[in-house]
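Inspection log for the structure reproduced underneath, given as structure tokens.
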Amino acid sequence: SGQLQQAIETLKAVTSKSAHYKEADMNMAVAYFNLGQFDNALRKYDEIIAAYPEANNAYNFRGQCHLEAGEYEKAVTDFTEFLRLTPEFSTGYNFRGQAYLKLKDYEKAEVDFTTMIALEPGSSISHEFRGRARIGLKKYAEAILDLNRAAAIAPTDADIFYFLSKAQSGIGNTAESARNLTLARQLNPGVVERNEKVSE
């Protein structure tokens with residue numbers, strides 16, 4: 001973090017000579033983001049977007065700042081703009097889908113993760129999160145298919161088995177639900193508490 005802070009000071013010197021030097025501004029904002037200084041990062045992304053309304057990556061990172069800050073509607077707005085500028089970039093569908101999940105807009109989340117699967121069929125994240133959206137929609141059998149695909153790609157990801165347990169519980173398969181919950185806890189002892197805290 002000391003190196004990142006030093007980089008910020010260097011970049012400040014560069015931008016002071018040229019008020020809107022895009023690359024330096026972006027690097028400074030990313031450094032703030034990586035330091036967890038989301039307020040500073042947001043201010044910098046606001047400046048970049050005001051100066052460069054087509055700066056697609058600024059919308060992506062500003063959306064991630066809003067996601068971290070729990071400002072999910074603002075995150076959706078930024079990722080929507082990011083996707084308008086770069087519609088083929090799966091990252092935008094992933095993050096917007098996650099924001100929709102937080103907003104409990106499961107239908108839109110399902111659509112975004114379906115698009116992400118088409119772009120990145122080998123991604124465990126896209127299958128896992130579509131499974132999560134489908135649990136929200138009470139499409140438990142379809143969620144199980146998604147989560148099983150995710151587990152085949154990432155067999156040590158505790159979250160996948162936690163949500164697989166929830167989906168199996170949804171169809172009344174208590175034995176499989178218990179087995180997968182046990183597996184999730186073996187992979188990560190804090191998985192239940194973490195996910196329950198996240199969903200509050």
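Each chain in the structure tokens gets a letter, A, B, ..., in the order shown, and its residues are numbered from 1; ligands are numbered from 1 in order too.
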Quiz item: Neighbours of Thr156 (chain A) within 10 Å (only C-alpha atoms; same-chain residues fewer than 6 positions away dropped), as a PyMOL selection string?
Solution: chain A and resi 183-184+186-188
Self-check item: Contacts of Lys166 (chain A) at 9 Å (only C-alpha atoms; same-chain gap of 5+ positions) as a ChimeraX atom specification
Solution: /A:135,140,161,177,181
Any chance you can output those residues with N, CA and C atoms as a PDB file, in the first residue's frame?
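What landed in part_24.pdb:
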```
ATOM      1  N   ILE A 135     -32.413 -19.214  -7.569  1.00  0.00           N
ATOM      2  CA  ILE A 135     -32.931 -19.498  -6.216  1.00  0.00           C
ATOM      3  C   ILE A 135     -33.893 -18.385  -5.815  1.00  0.00           C
ATOM      4  N   TYR A 140     -35.722 -23.747  -8.527  1.00  0.00           N
ATOM      5  CA  TYR A 140     -34.707 -24.522  -7.808  1.00  0.00           C
ATOM      6  C   TYR A 140     -34.044 -25.598  -8.682  1.00  0.00           C
ATOM      7  N   PHE A 161     -21.283 -24.611  -3.031  1.00  0.00           N
ATOM      8  CA  PHE A 161     -21.945 -25.712  -2.321  1.00  0.00           C
ATOM      9  C   PHE A 161     -22.952 -25.191  -1.295  1.00  0.00           C
ATOM     10  N   SER A 177     -29.104 -31.571   0.522  1.00  0.00           N
ATOM     11  CA  SER A 177     -28.900 -30.228   1.059  1.00  0.00           C
ATOM     12  C   SER A 177     -27.927 -30.280   2.230  1.00  0.00           C
ATOM     13  N   LEU A 181     -24.105 -28.705   2.427  1.00  0.00           N
ATOM     14  CA  LEU A 181     -23.811 -27.713   3.462  1.00  0.00           C
ATOM     15  C   LEU A 181     -22.587 -28.149   4.278  1.00  0.00           C
TER      16      LEU A 181
END
```
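Residues lying within 6 Å of region 119-128 of chain A, counting only C-alpha atoms and ignoring same-chain neighbours fewer than 4 positions away, are A:Phe113, A:Asp146, A:Leu147, A:Ala150, A:Ile153.
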Quiz item: Where in region 135-193 of chain A does DSSP assign alpha helix (DSSP H), given as a ChimeraX atom specification?
Solution: /A:135-136,140-153,158-170,174-187,191-193
Quiz prompt | Between CA of Thr77 (chain A) and CA of Gly92 (chain A), distance in Å (one decimal) | solution = 11.1 Å
Self-check item: Selection: 10 Å around Tyr100 (chain A), only C-alpha atoms, excl. self and same-chain fewer than 2 positions, as a PyMOL selection string
Solution: chain A and resi 72-73+75-76+94-98+102-110+112+133
Neighbouring residues of Asn40 (chain A) were defined as those with any atom within 12 Å, considering only C-alpha atoms; residues of the same chain fewer than 6 positions away were excluded. Please report them as an mmCIF file with N, CA and C atoms, in the first residue's frame.
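The resulting file, out.cif, is reproduced below:
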```cif
data_model
loop_
_atom_site.group_PDB
_atom_site.id
_atom_site.type_symbol
_atom_site.label_atom_id
_atom_site.label_comp_id
_atom_site.auth_asym_id
_atom_site.auth_seq_id
_atom_site.Cartn_x
_atom_site.Cartn_y
_atom_site.Cartn_z
ATOM 1 N N ILE A 8 0.310 7.416 -6.221
ATOM 2 C CA ILE A 8 -0.704 8.485 -6.243
ATOM 3 C C ILE A 8 -0.033 9.862 -6.211
ATOM 4 N N ASP A 25 -4.897 10.199 -14.689
ATOM 5 C CA ASP A 25 -6.118 10.254 -13.873
ATOM 6 C C ASP A 25 -6.655 8.855 -13.602
ATOM 7 N N MET A 28 -4.452 6.973 -11.184
ATOM 8 C CA MET A 28 -4.620 7.472 -9.817
ATOM 9 C C MET A 28 -5.912 6.925 -9.206
ATOM 10 N N ALA A 29 -6.985 6.937 -9.990
ATOM 11 C CA ALA A 29 -8.274 6.432 -9.505
ATOM 12 C C ALA A 29 -8.197 4.944 -9.174
ATOM 13 N N VAL A 30 -7.516 4.187 -10.029
ATOM 14 C CA VAL A 30 -7.350 2.742 -9.786
ATOM 15 C C VAL A 30 -6.526 2.507 -8.521
ATOM 16 N N ALA A 31 -5.506 3.334 -8.305
ATOM 17 C CA ALA A 31 -4.688 3.209 -7.082
ATOM 18 C C ALA A 31 -5.542 3.462 -5.842
ATOM 19 N N TYR A 32 -6.364 4.514 -5.875
ATOM 20 C CA TYR A 32 -7.282 4.778 -4.759
ATOM 21 C C TYR A 32 -8.210 3.574 -4.536
ATOM 22 N N PHE A 33 -8.739 3.040 -5.643
ATOM 23 C CA PHE A 33 -9.658 1.899 -5.568
ATOM 24 C C PHE A 33 -8.968 0.708 -4.898
ATOM 25 N N ASN A 34 -7.732 0.413 -5.333
ATOM 26 C CA ASN A 34 -6.999 -0.736 -4.786
ATOM 27 C C ASN A 34 -6.608 -0.547 -3.329
ATOM 28 N N ASP A 46 -15.527 10.596 -11.091
ATOM 29 C CA ASP A 46 -16.482 11.652 -11.464
ATOM 30 C C ASP A 46 -15.800 12.688 -12.352
ATOM 31 N N GLU A 47 -14.565 13.073 -11.965
ATOM 32 C CA GLU A 47 -13.798 14.056 -12.756
ATOM 33 C C GLU A 47 -13.490 13.514 -14.155
ATOM 34 N N ARG A 62 -16.132 2.986 -11.475
ATOM 35 C CA ARG A 62 -17.034 3.754 -10.605
ATOM 36 C C ARG A 62 -18.198 2.870 -10.165
ATOM 37 N N CYS A 65 -17.024 0.803 -7.353
ATOM 38 C CA CYS A 65 -17.006 1.602 -6.111
ATOM 39 C C CYS A 65 -18.404 1.659 -5.501
#
```
Exercise. Using CA of Thr91 (chain A) and CA of Ser165 (chain A) as the two end points, give the distance in Å to one decimal.
Key: 26.8 Å
Quiz item: Quick one: of A:Glu88, A:Glu81, A:Glu71, A:Asp159, who's nearest to Ala55 (chain A), counting only C-alpha atoms?
Solution: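 Counting only C-alpha atoms, the residue closest to Ala55 (chain A) is A:Glu81.
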Self-check item: Residue nearest Phe38 (chain A) - candidates A:Pro53, A:Pro87, A:Gly63, A:Pro155, atoms counted: only C-alpha atoms
Solution: A:Gly63
Quiz prompt | Top pick for closest residue to Ile49 (chain A), considering A:Met26, A:Ile144, A:Ala69, A:Ala167 and counting only C-alpha atoms | solution =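 Going through A:Met26, A:Ile144, A:Ala69, A:Ala167 one by one, the smallest distance to Ile49 (chain A) is for A:Met26.
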Exercise. Using only C-alpha atoms, find the one residue out of A:Ala151, A:Ala141, A:Leu83, A:Met116 that sits nearest to Ser169 (chain A).
Key: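 Ranked by minimum distance to Ser169 (chain A), first place goes to A:Ala141.
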Quiz item: Separation of CA of Asp78 (chain A) and CA of Tyr59 (chain A), in Å?
Solution: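 If I compute the distance from CA of Asp78 (chain A) to CA of Tyr59 (chain A), I get 5.1 Å.
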